[in-house]
Amino acid sequence: MKSSITVFMRFVVLVLVGLLMTSVVEAADRDKLLSDPGIYGTFAAYGLDADWRKQNQAMRIAQLTVLKGVVEQHREKVAIDVYLLRGLSDHADLLFRIHATELRDTQQFLLDLESSLFGNHLTRAIIMHGLTKKAIYVPGFTDQAKANLKIVSEPGPNPYAIVIPIRKSADWWGLDQEKRTAMMQEHSEASAPYIKTVKRKLYHSTGLDDLDFITYFETSKLEDFHSLILALEKVKEFPYNRRFGHPTLIGTVRSLDEIIEILAQ
Amino acid sequence: MKSSITVFMRFVVLVLVGLLMTSVVEAADRDKLLSDPGIYGTFAAYGLDADWRKQNQAMRIAQLTVLKGVVEQHREKVAIDVYLLRGLSDHADLLFRIHATELRDTQQFLLDLESSLFGNHLTRAIIMHGLTKKAIYVPGFTDQAKANLKIVSEPGPNPYAIVIPIRKSADWWGLDQEKRTAMMQEHSEASAPYIKTVKRKLYHSTGLDDLDFITYFETSKLEDFHSLILALEKVKEFPYNRRFGHPTLIGTVRSLDEIIEILAQ
Amino acid sequence: MKSSITVFMRFVVLVLVGLLMTSVVEAADRDKLLSDPGIYGTFAAYGLDADWRKQNQAMRIAQLTVLKGVVEQHREKVAIDVYLLRGLSDHADLLFRIHATELRDTQQFLLDLESSLFGNHLTRAIIMHGLTKKAIYVPGFTDQAKANLKIVSEPGPNPYAIVIPIRKSADWWGLDQEKRTAMMQEHSEASAPYIKTVKRKLYHSTGLDDLDFITYFETSKLEDFHSLILALEKVKEFPYNRRFGHPTLIGTVRSLDEIIEILAQ
Amino acid sequence: MKSSITVFMRFVVLVLVGLLMTSVVEAADRDKLLSDPGIYGTFAAYGLDADWRKQNQAMRIAQLTVLKGVVEQHREKVAIDVYLLRGLSDHADLLFRIHATELRDTQQFLLDLESSLFGNHLTRAIIMHGLTKKAIYVPGFTDQAKANLKIVSEPGPNPYAIVIPIRKSADWWGLDQEKRTAMMQEHSEASAPYIKTVKRKLYHSTGLDDLDFITYFETSKLEDFHSLILALEKVKEFPYNRRFGHPTLIGTVRSLDEIIEILAQ
Amino acid sequence: MKSSITVFMRFVVLVLVGLLMTSVVEAADRDKLLSDPGIYGTFAAYGLDADWRKQNQAMRIAQLTVLKGVVEQHREKVAIDVYLLRGLSDHADLLFRIHATELRDTQQFLLDLESSLFGNHLTRAIIMHGLTKKAIYVPGFTDQAKANLKIVSEPGPNPYAIVIPIRKSADWWGLDQEKRTAMMQEHSEASAPYIKTVKRKLYHSTGLDDLDFITYFETSKLEDFHSLILALEKVKEFPYNRRFGHPTLIGTVRSLDEIIEILAQ
């Protein structure tokens, strides 16, 4: 019986939210934003304040409708993904990943989000920025190492997402390009066995934040992800990470409608 | 007279809570979850907010009934243990240890817990995840060292539980497997005298959190536990711990009914 | 239609704020304050409290008028710039940069700001002080290195501003002036390619704060700024930075009227 | 006149509190708890919340009566000392030192304290646990060094108490017992001149907390205590302290009645 | 017109506060407390809570009168200086510096302050203690170095005050007295050019706090103070500072009446 109530609630929430969304907005070229170099990626994690749950459900649904509206309105310019950290992380409840060609567009989205009726209940936890770039060390790799990188990850949904920020030591940047390339090739070889089941994406943060990189992972097999990071801890490049995580953000990939449904209940 | 009031209160609380729990839920295979490799173990510690005690007892009992309901409902899929940190720890009041085959099931339990009427009074303190795995170094141990590990810990209740998260230094992972095995055998020998009175369980956290391991201990003899950790500080593997504790969580093992009774009063 | 409402709102806000500002204040010699040595530069970042948004718009506009009044009143003595961190930073919402010949004048401005009706909603996040000085190492540079520094940055608005505080290691100060000059020349050469698109300004903080320098950047090309910092991480002077960032403050350059308009909505 | 009001208030408070305390509880063997090895010592520091002072005096006195009741009730099993940190420390207002043969008894006291009407106004700051043990290094000392330790501290009240937690480096535990004994003898000799005026007590914390030791001092001559710690900073064992203080808790030794009187006013 | 209102307000506030202060208290021998060795110096910094400004002015003036009363009452035993950090520091609003022959007297003053109606609005930020002592290294200095120390600082008001806490490394204390004296002489020579314009005072904190020293500075020329600290960063003793600042407290020297006037408005 629990499920049938859930199904009904899902219906009610989505209809209510749907009724209030009348305009159709043309989406940004999401595929390009998610694959091109030169794109700014922002990770913004928020908690929900203590007052959120104290409101009645109608109020919460009204505010979630506002959330949906703000997201829809900005899909013209930016690509927005949402993640549920609540229940897996002590850092925050929600994570937004925003891709944009200009960081100003991301600022405008987060401004509108934070200033909205829903945003009144958000407490800012973590905002990190990075930039996508063409692979720096790959051109210097051996052919075998290059071939490894062409393995395609398995299609299908990846319920888990993990974000690990990284700061390199000054020693790392003091090494010449050749030495760094050799170490990154070893790094790349160590991760080869996990390419199929763990999707990765790299953002360059130097100057934009107190980081050098943001590494993003998606997987349906958390144990493989664990083995991947363990393998990376054993390569010669690892000791050059002055900060690895702190925080590690772990959550589940969710559609905006799923998030709305969970928060409405 | 104090005791008789306590006994009566215990009766009232349990009857009230009992009356509201009508459905019997089939429990997950708790034994398998607690002993198999490949199981995810989550440690989630919460504080109680300042408003909790300001409510009258009837309200508190109603909310504790909700807590019981949430736990019962999820026992189908996950194994849940509860610990009382309050009075021994400045980090939190309650600790939940959850074992699950999929971290999503743990997330769903903690989502339902945090979103419940009782959850409105919880403040998230610490959430850590680990994975149980087959012993990694033991196959390389001498027969004597292997024999040590077969000593069975004394039966009977162990009132105290201690959780110590560990992060290894990059140097540790840079050592070859043989050197690490030799050091872990010395580590194992140092702990042999305490196996009978201090139960241990190990979780592998690399990638799932800013940790490499979560070590969990149960004992009725805290002095033996103290001697165990002191012995471990003296072995060659110890300097490879970049983080040991921070926090060390210390509390007492309690049944859910005991927790409910304590919080109801 | 959204834009026309925005335009109308902008009109209403500015008229309301304008009506209340009757006195014309003679501004401090802003150009001198922004270019002379021996000037104190203060970076003061504030958050807006949770009550700010809970007020109705008329109340918010009244308080923003007070903000404008406080800023206008102090423009006699100090040069004030404002930045919007909200939406790009998890550290604060607003950043004020104040230049003054005496730090007392800055204190008086921030006192009046914090004690105003608008200031009641500000939570202090970060206050840092520095002093502008004549270039210390440049006299020892080669002619080529000196010429590099004369490249003029491109005119036009630079929407992004970044503030990075720096603390040198004790080793740095232990080096003799000649060695430091050689390293700063390499530092200067590494940044030459980015002088056109990234404007910089340096403040000396030793003793005034737990820092040695505050570095301030403005750019319309964040990717160039990223490349600049990456280039600086590779020079021999970089390992002598004990603290670099922590926090890195990133925001957008805004006029006070823009800030008022954004906060009024 | 101020004093006579104070005297009258002291009378009123103590009479009110006294009237409500009817049962006489047999105290635990306090002397044994304070001198035997194998005893658990807990240091629990609390702040008072902002609401405490906003209550009228009658309410505060009622709650302080509850505090007295909780302490009295547990004196059967545990030895409780109280210290006033307020006015000397930014960490907390009150410090309880509890000695017990079982940590469960301490937990029960702090549970009852935190759950009481008075406890509703306490905010948990720091809880640390240690264990008293027989002197470990003394048997290896020279006769002269042993003799030094027999100097008896001067009788009489010691108004000041200082608590310094210590964590040894991994290097310390890696030294053999003989080397550690030699260094502890030097440590002991350095402290000899201050034995008369500075009382000390040592608790072993390894495993029970993120510490190795809790050192407790009482003195009426703070300058001697300062000289003692300065002397200890100069011995060869000192660099093996990875953490020394952080926090250092400084306060004054008070009877429960004095604490009640101060908080009632 | 602004000034005439200010003058009138100053009159009103001081008259109101004055009317309520009837008793004249004999002050402690302030000169001796500020110059003798063996005196305890306490630095206590407080913030003002968010409710402070929400009160009407009459209420605020009443509470400031209480502040004045508490300070006057304790001037019998302790010397109290006040500083305004608000507007220059993100750590606190007010700083009290208290000199006393016994730390108990300081505790009594801060107890009365924190427990007063005004104190209800104070949030404790930082409390640090130190002890004045005769110069330790000077007797070993050369005659020239000794002569340097006899330069008298220029008379007249010094509007700025800076407090820098210091912790030495274990290596420092491991050096013999002679080596430390040589380094302190170099330190002293480096500061000689700034003695005239930067007044200094040293407090020894070892054991009383997580510090070894509190250094206190007063100046009307902040640029000289900056040059002084920069000069000290270049001497051989500087790398032995494990902590220097953190926090650096910067504010302006104010009379209690000025503080009251500022907070009343």
# chains A, B, ... in the order shown; residues from 1 in each chain; ligands from 1
>>> residues_around(residues="D:Ile151", least_positions_apart="6", cutoff="10 Å", atoms="only C-alpha atoms", output="ChimeraX atom specification")
/D:192-196
>>> interface_residues(of="chain A", to="chain B", cutoff="8 Å", atoms="only C-alpha atoms", output="ChimeraX atom specification")
/A:50,53-54,86-90,162,223,225-226,229-230,233-236,238-239,244-250,252
>>> select_by_dssp(residues="stretch 38-159 of chain B", states="helix (DSSP H, G or I)", output="MDAnalysis selection string")
chainID B and resid 52:54 57:74 103:115 119:121 138:140 143:148
>>> atom_distance(atom1="atom CA of C:Phe43", atom2="atom CA of C:Gly251")
12.8 Å
>>> atom_distance(atom1="atom CA of E:Asn158", atom2="atom CA of E:Glu258")
15.1 Å
>>> closest_residue(among="E:Ile214, E:Leu232, E:Leu67, E:Leu84", to="E:Arg167", atoms="only C-alpha atoms")
E:Ile214
>>> atom_distance(atom1="atom CA of A:Lys221", atom2="atom CA of A:Val198")
7.5 Å
>>> select_by_dssp(residues="stretch 44-130 of chain C", states="strand (DSSP E)", output="PyMOL selection string")
chain C and resi 44-48+79-84+94-100+122-130
